[in-house]
file data.cif (mmCIF, C-alpha atoms)
data_coords
#
loop_
_atom_site.label_atom_id
_atom_site.label_comp_id
_atom_site.auth_asym_id
_atom_site.auth_seq_id
_atom_site.Cartn_x
_atom_site.Cartn_y
_atom_site.Cartn_z
CA MET G 9 -28.55 23.03 4.78
CA GLN G 10 -24.79 22.82 5.34
CA ARG G 11 -25.30 20.54 8.31
CA GLN G 12 -27.50 18.14 6.35
CA VAL G 13 -25.08 18.08 3.42
CA PHE G 14 -22.18 17.39 5.78
CA LYS G 15 -24.05 14.50 7.45
CA GLU G 16 -24.75 12.93 4.06
CA LEU G 17 -21.12 13.34 3.03
CA VAL G 18 -19.90 11.62 6.21
CA SER G 19 -22.34 8.71 5.93
CA ILE G 20 -21.44 8.01 2.29
CA PHE G 21 -17.74 8.39 3.10
CA LEU G 22 -17.88 5.79 5.89
CA LEU G 23 -19.82 3.40 3.64
CA CYS G 24 -17.36 3.79 0.75
CA LEU G 25 -14.34 3.57 3.05
CA GLY G 26 -15.56 0.35 4.65
CA ALA G 27 -16.49 -1.27 1.33
CA LEU G 28 -13.24 -0.37 -0.45
CA LEU G 29 -11.05 -1.38 2.50
CA SER G 30 -12.85 -4.72 2.79
CA LEU G 31 -12.33 -5.50 -0.90
CA ILE G 32 -8.66 -4.55 -0.79
CA LEU G 33 -7.94 -6.51 2.40
CA ILE G 34 -9.70 -9.59 1.02
CA GLY G 35 -7.57 -9.39 -2.12
CA ARG G 36 -4.42 -8.93 -0.04
CA GLY G 37 -5.43 -11.89 2.13
CA LEU G 38 -5.66 -14.10 -0.95
CA GLN G 39 -2.16 -12.99 -1.99
CA LEU G 40 -0.80 -13.90 1.46
CA ARG G 41 -2.67 -17.19 1.83
CA GLU G 42 0.56 -19.20 1.69
CA LEU G 43 2.00 -17.08 4.49
CA PHE G 44 -1.05 -17.56 6.71
CA LEU G 45 -1.12 -21.31 6.09
CA GLY G 46 2.62 -21.71 6.49
CA LEU G 47 2.71 -19.83 9.79
CA ASP G 48 -0.43 -21.58 11.04
CA LEU G 49 -1.96 -18.25 12.09
CA GLY G 50 -4.94 -18.09 14.41
CA LEU G 51 -7.81 -15.63 14.08
CA THR G 52 -6.22 -13.17 16.53
CA ASP G 53 -2.87 -13.04 14.72
CA ALA G 54 -4.50 -12.74 11.28
CA THR G 55 -6.74 -9.91 12.50
CA LEU G 56 -3.75 -8.12 13.99
CA LEU G 57 -1.78 -8.37 10.75
CA PHE G 58 -4.72 -7.01 8.74
CA LEU G 59 -5.03 -4.15 11.23
CA TYR G 60 -1.40 -3.22 10.63
CA LEU G 61 -2.02 -3.19 6.86
CA VAL G 62 -5.00 -0.82 7.12
CA PRO G 63 -2.98 2.47 7.21
CA PHE G 64 -1.06 1.50 4.05
CA PHE G 65 -4.29 0.99 2.08
CA MET G 66 -6.16 3.91 3.68
CA LEU G 67 -3.62 6.32 2.24
CA LEU G 68 -5.02 5.45 -1.19
CA VAL G 69 -8.62 4.69 -0.20
CA VAL G 70 -9.36 7.94 1.66
CA PRO G 71 -9.02 10.20 -1.46
CA VAL G 72 -11.28 7.98 -3.59
CA ALA G 73 -13.85 7.67 -0.77
CA CYS G 74 -13.78 11.46 -0.39
CA MET G 75 -14.35 11.94 -4.12
CA LEU G 76 -17.18 9.39 -4.17
CA SER G 77 -18.88 11.08 -1.22
CA VAL G 78 -18.92 14.52 -2.81
CA PHE G 79 -19.92 13.16 -6.21
CA LEU G 80 -22.79 10.96 -4.98
CA THR G 81 -24.13 13.61 -2.59
CA PHE G 82 -24.38 16.33 -5.23
CA LEU G 83 -25.51 13.83 -7.88
CA ARG G 84 -28.49 12.98 -5.66
CA MET G 85 -29.18 16.67 -4.99
CA SER G 86 -29.09 17.51 -8.69
CA THR G 87 -31.23 14.49 -9.64
CA ASP G 88 -33.84 15.35 -6.97
CA ARG G 89 -33.86 18.97 -8.20
CA GLU G 90 -32.65 20.23 -4.85
CA LEU G 91 -29.89 22.24 -6.53
CA VAL G 92 -32.46 23.86 -8.83
CA ALA G 93 -34.61 24.79 -5.83
CA LEU G 94 -31.65 26.25 -3.96
CA LYS G 95 -30.56 28.27 -6.98
CA ALA G 96 -34.12 29.55 -7.38
CA GLY G 97 -33.97 30.66 -3.74
CA GLY G 98 -30.86 32.72 -4.43
CA VAL G 99 -28.23 30.21 -3.20
CA SER G 100 -25.29 29.99 -5.60
CA ILE G 101 -23.04 26.97 -6.08
CA TYR G 102 -20.27 28.81 -4.23
CA GLN G 103 -22.46 29.15 -1.14
CA MET G 104 -23.10 25.41 -1.20
CA MET G 105 -19.38 24.63 -1.05
CA ALA G 106 -18.85 25.31 2.66
CA ALA G 107 -19.80 21.80 3.82
CA PRO G 108 -17.92 19.90 1.05
CA LEU G 109 -14.80 22.03 1.54
CA VAL G 110 -14.79 21.45 5.32
CA PHE G 111 -15.37 17.76 4.69
CA CYS G 112 -12.51 17.55 2.15
CA VAL G 113 -10.13 19.39 4.49
CA LEU G 114 -10.97 16.92 7.28
CA CYS G 115 -10.34 14.01 4.90
CA ALA G 116 -7.03 15.60 3.90
CA GLY G 117 -6.09 15.93 7.59
CA LEU G 118 -6.94 12.27 8.19
CA SER G 119 -4.91 11.22 5.16
CA LEU G 120 -1.99 13.43 6.21
CA SER G 121 -1.88 11.92 9.70
CA ILE G 122 -1.85 8.44 8.12
CA SER G 123 0.87 9.49 5.69
CA LEU G 124 3.19 11.04 8.26
CA HIS G 125 2.69 8.71 11.22
CA TRP G 126 0.32 5.75 11.01
CA LEU G 127 1.76 4.34 7.77
CA SER G 128 5.18 3.64 9.27
CA TRP G 129 3.55 2.43 12.51
CA GLY G 130 1.49 -0.16 10.62
CA MET G 131 4.27 -1.37 8.34
CA GLY G 132 6.79 -1.55 11.19
CA ASN G 133 4.46 -3.59 13.39
CA PHE G 134 3.50 -5.83 10.46
CA ARG G 135 7.17 -6.61 9.81
CA ALA G 136 7.95 -7.18 13.50
CA THR G 137 4.91 -9.44 14.02
CA ILE G 138 5.67 -11.54 10.93
CA MET G 139 9.27 -12.03 12.03
CA GLU G 140 8.27 -12.92 15.59
CA ILE G 141 5.68 -15.46 14.45
CA ALA G 142 8.01 -16.93 11.83
CA ASN G 143 10.76 -17.39 14.39
CA THR G 144 8.56 -19.21 16.90
CA ARG G 145 5.76 -20.98 15.06
CA ALA G 146 6.59 -21.33 11.38
CA ARG G 147 6.89 -24.79 9.87
CA ILE G 148 10.39 -23.81 8.79
CA VAL G 149 11.59 -23.84 12.41
CA ILE G 150 13.74 -26.93 12.81
CA GLN G 151 12.10 -29.88 14.52
CA PRO G 152 14.39 -32.05 16.66
CA GLY G 153 15.65 -35.14 14.87
CA VAL G 154 13.90 -34.30 11.59
CA PHE G 155 15.47 -33.43 8.23
CA ASN G 156 13.54 -30.31 7.23
CA GLN G 157 13.31 -29.75 3.45
CA ASP G 158 10.55 -27.11 3.34
CA ILE G 159 13.10 -24.41 2.52
CA PRO G 160 14.02 -24.24 -1.20
CA GLY G 161 17.66 -25.20 -1.68
CA LEU G 162 18.28 -26.04 1.99
CA THR G 163 18.05 -29.11 4.19
CA LEU G 164 18.20 -28.47 7.96
CA PHE G 165 18.71 -30.93 10.79
CA ALA G 166 19.23 -30.52 14.54
CA ARG G 167 19.27 -33.38 17.02
CA GLN G 168 18.11 -31.14 19.89
CA VAL G 169 16.05 -27.92 19.75
CA ASP G 170 15.09 -25.70 22.69
CA PRO G 171 11.83 -23.96 21.60
CA ALA G 172 12.08 -21.41 24.41
CA THR G 173 15.57 -20.08 23.63
CA GLY G 174 16.04 -21.26 20.03
CA ASN G 175 19.29 -23.07 20.92
CA LEU G 176 20.28 -25.93 18.59
CA ARG G 177 22.53 -28.92 19.18
CA GLN G 178 24.36 -31.08 16.62
CA VAL G 179 23.29 -29.10 13.55
CA ILE G 180 23.65 -30.15 9.91
CA VAL G 181 22.81 -27.81 7.01
CA GLU G 182 23.02 -28.74 3.33
CA ASP G 183 23.00 -25.63 1.11
CA ARG G 184 22.19 -26.26 -2.57
CA SER G 185 21.24 -22.68 -3.40
CA ARG G 186 24.45 -22.03 -5.36
CA PRO G 187 24.48 -23.63 -8.83
CA GLY G 188 27.32 -26.07 -9.42
CA SER G 189 28.33 -26.47 -5.76
CA THR G 190 26.94 -27.86 -2.52
CA LEU G 191 27.82 -26.75 1.00
CA THR G 192 27.44 -29.12 3.94
CA ILE G 193 27.75 -27.28 7.25
CA VAL G 194 28.23 -29.20 10.48
CA ALA G 195 28.27 -27.49 13.88
CA PRO G 196 27.90 -28.70 17.47
CA GLU G 197 25.61 -25.82 18.44
CA GLY G 198 23.74 -22.81 17.13
CA THR G 199 20.84 -20.43 17.71
CA THR G 200 17.94 -18.98 15.73
CA ALA G 201 17.28 -15.25 15.44
CA THR G 202 15.56 -12.72 13.17
CA ASP G 203 16.79 -9.72 11.20
CA GLU G 204 13.80 -7.35 11.00
CA VAL G 205 15.68 -4.81 8.87
CA ARG G 206 16.35 -7.34 6.08
CA GLY G 207 13.32 -9.59 6.67
CA GLU G 208 15.31 -12.75 7.28
CA ILE G 209 15.52 -15.62 9.75
CA LEU G 210 19.08 -16.38 10.84
CA PHE G 211 20.66 -19.62 11.99
CA HIS G 212 23.86 -18.69 13.87
CA LEU G 213 26.24 -21.68 13.99
CA ARG G 214 29.41 -21.86 16.10
CA ASP G 215 32.68 -23.85 16.05
CA GLY G 216 31.85 -25.97 13.04
CA ARG G 217 33.09 -26.94 9.60
CA ILE G 218 31.98 -26.30 6.02
CA TYR G 219 32.41 -29.07 3.45
CA LYS G 220 32.24 -27.63 -0.07
CA ALA G 221 31.71 -30.00 -3.00
CA ASP G 222 32.50 -28.36 -6.32
CA GLY G 223 32.38 -31.02 -9.03
CA GLU G 224 34.92 -33.68 -8.05
CA ASN G 225 36.76 -31.38 -5.63
CA VAL G 226 35.95 -31.22 -1.92
CA SER G 227 37.30 -28.56 0.41
CA VAL G 228 36.95 -28.18 4.18
CA LEU G 229 36.86 -24.90 6.06
CA GLY G 230 36.56 -24.43 9.81
CA PHE G 231 34.76 -21.47 11.37
CA SER G 232 34.09 -19.99 14.78
CA GLU G 233 30.81 -18.33 13.73
CA TYR G 234 28.70 -18.77 10.60
CA SER G 235 25.21 -17.51 9.76
CA VAL G 236 22.72 -19.15 7.40
CA ARG G 237 20.24 -16.54 6.20
CA LEU G 238 16.70 -17.50 5.26
CA ASP G 239 14.78 -14.94 3.18
CA LEU G 240 11.05 -15.15 3.95
CA ASP G 241 10.19 -13.62 0.56
CA LYS G 242 11.38 -16.84 -1.11
CA LEU G 243 9.22 -19.01 1.11
CA PHE G 244 5.87 -17.25 0.88
CA LYS G 245 4.48 -15.72 -2.31
CA GLY G 246 3.05 -12.22 -1.96
CA LEU G 247 5.25 -11.33 1.02
CA GLU G 248 7.62 -8.44 0.35
CA LEU G 249 9.85 -7.78 3.32
CA GLY G 250 13.51 -7.48 2.35
CA GLU G 251 15.29 -4.36 3.58
CA ILE G 252 13.19 -1.48 4.90
CA LYS G 253 11.96 0.56 1.95
CA PRO G 254 11.26 4.32 1.84
CA LYS G 255 7.50 3.64 1.72
CA GLU G 256 7.75 1.96 5.14
CA MET G 257 9.64 4.83 6.81
CA SER G 258 8.13 7.48 9.01
CA TRP G 259 8.21 11.11 7.95
CA ARG G 260 10.92 11.81 10.52
CA GLN G 261 13.09 9.06 9.03
CA LEU G 262 12.54 10.29 5.47
CA ALA G 263 13.26 13.92 6.35
CA GLY G 264 16.37 12.95 8.33
CA LEU G 265 18.05 10.89 5.61
CA ASP G 266 21.44 12.11 4.39
CA LEU G 267 20.78 11.82 0.66
CA ASN G 268 24.41 12.45 -0.29
CA ARG G 269 25.58 9.52 1.84
CA TYR G 270 22.79 7.27 0.59
CA GLU G 271 23.57 8.18 -3.02
CA ALA G 272 27.14 6.98 -2.49
CA GLU G 273 26.08 3.78 -0.67
CA MET G 274 22.78 2.80 -2.32
CA GLY G 275 22.94 4.52 -5.69
CA GLU G 276 21.09 7.36 -7.35
CA ARG G 277 17.92 5.32 -7.94
CA TYR G 278 17.43 4.82 -4.20
CA VAL G 279 17.68 8.58 -3.65
CA ARG G 280 15.06 9.16 -6.34
CA LYS G 281 12.76 6.66 -4.59
CA VAL G 282 13.15 8.64 -1.37
CA LEU G 283 12.30 11.92 -3.12
CA VAL G 284 9.28 10.33 -4.81
CA GLU G 285 8.07 9.01 -1.46
CA VAL G 286 8.51 12.43 0.17
CA HIS G 287 6.28 14.10 -2.43
CA LYS G 288 3.77 11.23 -2.38
CA ARG G 289 3.25 11.64 1.36
CA TRP G 290 1.88 15.15 0.69
CA ALA G 291 0.37 14.74 -2.78
CA LEU G 292 -2.15 12.04 -1.75
CA PRO G 293 -3.60 14.02 1.19
CA ALA G 294 -3.86 17.07 -1.06
CA ALA G 295 -5.76 14.89 -3.54
CA CYS G 296 -8.70 14.76 -1.09
CA ILE G 297 -9.31 18.50 -1.58
CA VAL G 298 -8.51 18.44 -5.31
CA LEU G 299 -10.76 15.48 -6.14
CA GLY G 300 -13.55 16.84 -3.95
CA ILE G 301 -13.55 20.13 -5.88
CA PHE G 302 -13.38 18.23 -9.17
CA ALA G 303 -16.29 15.92 -8.23
CA LEU G 304 -18.77 18.71 -7.42
CA PRO G 305 -19.24 20.21 -10.92
CA LEU G 306 -18.92 16.73 -12.42
CA ALA G 307 -21.96 15.62 -10.41
CA CYS G 308 -23.95 18.64 -11.62
CA ALA G 309 -23.04 17.84 -15.23
CA PHE G 310 -24.39 14.28 -14.86
CA GLU G 311 -27.76 15.29 -13.47
CA GLY G 312 -30.26 12.40 -13.61
CA LEU G 313 -27.63 9.67 -13.69
CA ARG G 314 -28.45 6.60 -11.59
CA ARG G 315 -26.36 6.15 -8.46
CA GLN G 316 -24.89 2.82 -9.60
CA LEU G 317 -23.63 4.40 -12.80
CA GLY G 318 -22.44 7.38 -10.78
CA VAL G 319 -20.22 5.14 -8.65
CA ALA G 320 -18.75 3.56 -11.78
CA LEU G 321 -18.15 6.97 -13.37
CA ALA G 322 -16.44 8.35 -10.26
CA LEU G 323 -14.22 5.27 -10.04
CA VAL G 324 -13.26 5.70 -13.70
CA MET G 325 -12.28 9.32 -13.05
CA PHE G 326 -10.22 8.27 -10.04
CA LEU G 327 -8.59 5.57 -12.17
CA VAL G 328 -7.55 8.31 -14.60
CA TYR G 329 -6.08 10.29 -11.71
CA TYR G 330 -4.30 7.26 -10.26
CA SER G 331 -2.91 6.30 -13.69
CA MET G 332 -1.39 9.76 -13.99
CA LEU G 333 -0.03 9.49 -10.45
CA SER G 334 1.46 6.04 -11.17
CA LEU G 335 3.10 7.45 -14.29
CA GLY G 336 4.58 10.21 -12.15
CA LEU G 337 5.86 7.63 -9.65
CA SER G 338 7.55 5.49 -12.30
CA THR G 339 9.06 8.41 -14.24
CA GLY G 340 10.22 10.02 -10.99
CA GLU G 341 12.00 6.85 -9.86
CA ALA G 342 13.52 6.41 -13.32
CA GLY G 343 14.75 10.02 -13.36
CA THR G 344 12.85 10.87 -16.56
CA VAL G 345 10.72 13.54 -14.86
CA PRO G 346 11.49 15.39 -11.59
CA PRO G 347 9.42 13.92 -8.74
CA VAL G 348 7.88 17.29 -7.91
CA VAL G 349 6.48 17.48 -11.45
CA GLY G 350 5.37 13.88 -11.80
CA LEU G 351 3.66 13.69 -8.39
CA TRP G 352 1.96 17.10 -8.38
CA ALA G 353 0.94 17.37 -12.05
CA PRO G 354 -2.25 15.23 -11.57
CA ASN G 355 -3.34 17.43 -8.66
CA VAL G 356 -2.74 20.62 -10.63
CA LEU G 357 -4.59 19.36 -13.73
CA PHE G 358 -7.61 18.08 -11.78
CA LEU G 359 -7.73 21.25 -9.67
CA VAL G 360 -7.75 23.47 -12.77
CA ALA G 361 -10.47 21.31 -14.36
CA GLY G 362 -12.51 21.40 -11.14
CA LEU G 363 -12.28 25.17 -10.73
CA TYR G 364 -13.19 25.70 -14.40
CA GLY G 365 -16.16 23.36 -14.00
CA LEU G 366 -17.29 25.27 -10.90
CA ARG G 367 -17.17 28.53 -12.82
CA LEU G 368 -19.28 27.11 -15.63
CA THR G 369 -21.75 25.62 -13.14
CA ALA G 370 -22.07 28.91 -11.25
CA ARG G 371 -22.83 30.72 -14.52
CA GLU G 372 -25.19 27.87 -15.53
CA ARG G 373 -23.15 27.23 -18.65
CA ALA G 374 -22.07 23.73 -17.75
CA PRO G 375 -23.43 21.21 -20.27
CA SER G 376 -25.78 18.50 -19.03
CA ILE G 377 -23.88 15.47 -20.25
CA THR G 378 -26.74 13.11 -19.39
CA SER G 379 -29.17 15.14 -21.53
CA LEU G 380 -26.70 15.32 -24.40
CA VAL G 381 -26.16 11.56 -24.34
CA GLY G 382 -29.93 10.92 -24.15
CA HIS G 383 -30.58 13.29 -27.05
CA PHE G 384 -27.89 11.60 -29.13
CA ILE G 385 -29.34 8.14 -28.45
CA SER G 386 -32.89 9.25 -29.32
CA GLN G 387 -31.68 10.75 -32.61
CA LYS G 388 -29.92 7.50 -33.50
CA ARG G 389 -33.10 5.53 -32.80
CA ASN G 390 -35.36 7.85 -34.82
CA ARG G 391 -33.02 7.94 -37.79
CA PRO G 392 -34.45 5.78 -40.62
#
call {"tool": "encode", "arguments": {"input": "data.cif", "output": "structure tokens"}}
result
Amino acid sequence: MQRQVFKELVSIFLLCLGALLSLILIGRGLQLRELFLGLDLGLTDATLLFLYLVPFFMLLVVPVACMLSVFLTFLRMSTDRELVALKAGGVSIYQMMAAPLVFCVLCAGLSLSISLHWLSWGMGNFRATIMEIANTRARIVIQPGVFNQDIPGLTLFARQVDPATGNLRQVIVEDRSRPGSTLTIVAPEGTTATDEVRGEILFHLRDGRIYKADGENVSVLGFSEYSVRLDLDKLFKGLELGEIKPKEMSWRQLAGLDLNRYEAEMGERYVRKVLVEVHKRWALPAACIVLGIFALPLACAFEGLRRQLGVALALVMFLVYYSMLSLGLSTGEAGTVPPVVGLWAPNVLFLVAGLYGLRLTARERAPSITSLVGHFISQKRNRP
């Protein structure tokens, strides 16, 4: 019996995981359509970028897929009267929990490995690949002898461009990004580079001059080295690179941060974001076990419910959980509630509700919500 239940849990889990990941990646692809078109990505590059995004979304998808698997499996067993037959044979609800508990622990282990290792691997490679492609193939790369105006607030020109090394000759840059003033930068040579930490493309210019027009006044300044920074976030909607955020760091990086130094340099809010991220890396894997326990008595209470409605109901319950978790994230970052309270309160509440529901189910005192709703509807129809 345990083996058959476990097989059904795994099959539903894989189906839910694939469906949810596909929907999320399609939505993310639509958000990044300008990036893909602007970088002229081929199928191989686009597939690779989506692969790097998978760990980030799996951290959220694995708990909901785990909950759906347990809920739909036991909903089918209760609807087909298999649970009634097992109870009549002397098998209690606690004896049926071996397979779901093992399954939930395995899901929690998968989610924990993603949280502690694969998340940072995916986000780091996504950032590095975007920067590499942008530096070599983006339409923003200067074309020789062409005034490039694709960059908001900037006009770039280079008479000669070496695509292999990124070296530029006879460079002119007009910077209109500052209101009320215009900078015209002229340099005999320069190079292109990327800053992966800040998510920027750099144009390093050497031995040139800056002509600054501020109203009717014009000033000239010579320089030996000058860098024009191009933020990719401003070019492509939906792309959020910027400086490396705590959610992109590995567990080793998060655990090794000197919070006192960062509080002095980055501010107290950044430290709170780090603490929130630390608790989130453990709270979401623990949610696999918590939501699995919560889903089992919930499925028994909705005996007879159609599977389509069951999926909708389980998603609604997960939405409640995720809303509470999001509230904990926002209040933790704002400093209103300690991160340990805001991030772990949803797990504690759902675990208590799940254990209480299991106790009622084991004593056969759990109400059949489907029967109660059907009885209420029939009374309303028969009422004159």
call {"tool": "resolve_selection", "arguments": {"input": "data.cif", "expression": "the PyMOL selection byres ((chain G and resi 153-168) around 6)", "output": "NGL selection string"}}
result
:G and (151-152 or 169 or 176-185)
call {"tool": "atom_distance", "arguments": {"input": "data.cif", "atom1": "atom CA of G:Val356", "atom2": "atom CA of G:Val99"}}
result
28.2 Å
call {"tool": "resolve_selection", "arguments": {"input": "data.cif", "expression": "the PyMOL selection byres ((chain G and resi 224-235) around 9)", "output": "list in words"}}
result
Leu210, Phe211, His212, Leu213, Arg214, Asp215, Gly216, Arg217, Ile218, Tyr219, Lys220, Ala221, Asp222, Gly223, Val236 and Arg237 of chain G
call {"tool": "residues_around", "arguments": {"input": "data.cif", "residues": "G:Ala303", "least_positions_apart": "4", "cutoff": "10 Å", "atoms": "all atoms listed in the file", "output": "PyMOL selection string"}}
result
chain G and resi 74-83+297-299+307-309+322+325-326+358+362+365-366
call {"tool": "write_last_selection", "arguments": {"input": "data.cif", "atoms": "C-alpha atoms", "output": "compact mmCIF listing (two decimals), in the frame of the given file"}}
result
# COMPACT_ATOMS: atom_id res chain seq x y z
CA CYS G 74 -13.78 11.46 -0.39
CA MET G 75 -14.35 11.94 -4.12
CA LEU G 76 -17.18 9.39 -4.17
CA SER G 77 -18.88 11.08 -1.22
CA VAL G 78 -18.92 14.52 -2.81
CA PHE G 79 -19.92 13.16 -6.21
CA LEU G 80 -22.79 10.96 -4.98
CA THR G 81 -24.13 13.61 -2.59
CA PHE G 82 -24.38 16.33 -5.23
CA LEU G 83 -25.51 13.83 -7.88
CA ILE G 297 -9.31 18.50 -1.58
CA VAL G 298 -8.51 18.44 -5.31
CA LEU G 299 -10.76 15.48 -6.14
CA ALA G 307 -21.96 15.62 -10.41
CA CYS G 308 -23.95 18.64 -11.62
CA ALA G 309 -23.04 17.84 -15.23
CA ALA G 322 -16.44 8.35 -10.26
CA MET G 325 -12.28 9.32 -13.05
CA PHE G 326 -10.22 8.27 -10.04
CA PHE G 358 -7.61 18.08 -11.78
CA GLY G 362 -12.51 21.40 -11.14
CA GLY G 365 -16.16 23.36 -14.00
CA LEU G 366 -17.29 25.27 -10.90
call {"tool": "resolve_selection", "arguments": {"input": "data.cif", "expression": "the PyMOL selection byres ((chain G and resi 13) around 10)", "output": "list in words"}}
result
Met9, Gln10, Arg11, Gln12, Phe14, Lys15, Glu16, Leu17, Val18, Val78, Thr81, Phe82, Met85, Met104, Met105, Ala106, Ala107, Pro108 and Phe111 of chain G
call {"tool": "atom_distance", "arguments": {"input": "data.cif", "atom1": "atom CA of G:Leu68", "atom2": "atom CA of G:Thr87"}}
result
29.0 Å
call {"tool": "closest_residue", "arguments": {"input": "data.cif", "among": "G:Ala73, G:Ile138, G:Ala370, G:Val282", "to": "G:Gly264", "atoms": "only C-alpha atoms"}}
result
G:Val282
call {"tool": "closest_residue", "arguments": {"input": "data.cif", "among": "G:Gly198, G:Gly300, G:Gly318, G:Pro293", "to": "G:Trp352", "atoms": "all atoms listed in the file"}}
result
G:Pro293
call {"tool": "residues_around", "arguments": {"input": "data.cif", "residues": "G:Tyr330", "least_positions_apart": "2", "cutoff": "12 Å", "atoms": "all atoms listed in the file", "output": "ChimeraX atom specification"}}
result
/G:68-69,71-72,288,291-292,295,299,323-328,332-337,350-355,358
call {"tool": "closest_residue", "arguments": {"input": "data.cif", "among": "G:Leu57, G:Val110, G:Cys24, G:Leu359", "to": "G:Arg36", "atoms": "only C-alpha atoms"}}
result
G:Leu57
call {"tool": "closest_residue", "arguments": {"input": "data.cif", "among": "G:Val284, G:Leu265, G:Leu127, G:Ala27", "to": "G:Val62", "atoms": "only C-alpha atoms"}}
result
G:Leu127
call {"tool": "closest_residue", "arguments": {"input": "data.cif", "among": "G:Ser128, G:Thr199, G:Arg280, G:Ser189", "to": "G:Val345", "atoms": "all atoms listed in the file"}}
result
G:Arg280
call {"tool": "residues_around", "arguments": {"input": "data.cif", "residues": "G:Ile122", "least_positions_apart": "2", "cutoff": "12 Å", "atoms": "only C-alpha atoms", "output": "ChimeraX atom specification"}}
result
/G:60-70,115-120,124-131,256,258-259,289-290,292-293
call {"tool": "atom_distance", "arguments": {"input": "data.cif", "atom1": "atom CA of G:Leu363", "atom2": "atom CA of G:Leu321"}}
result
19.3 Å
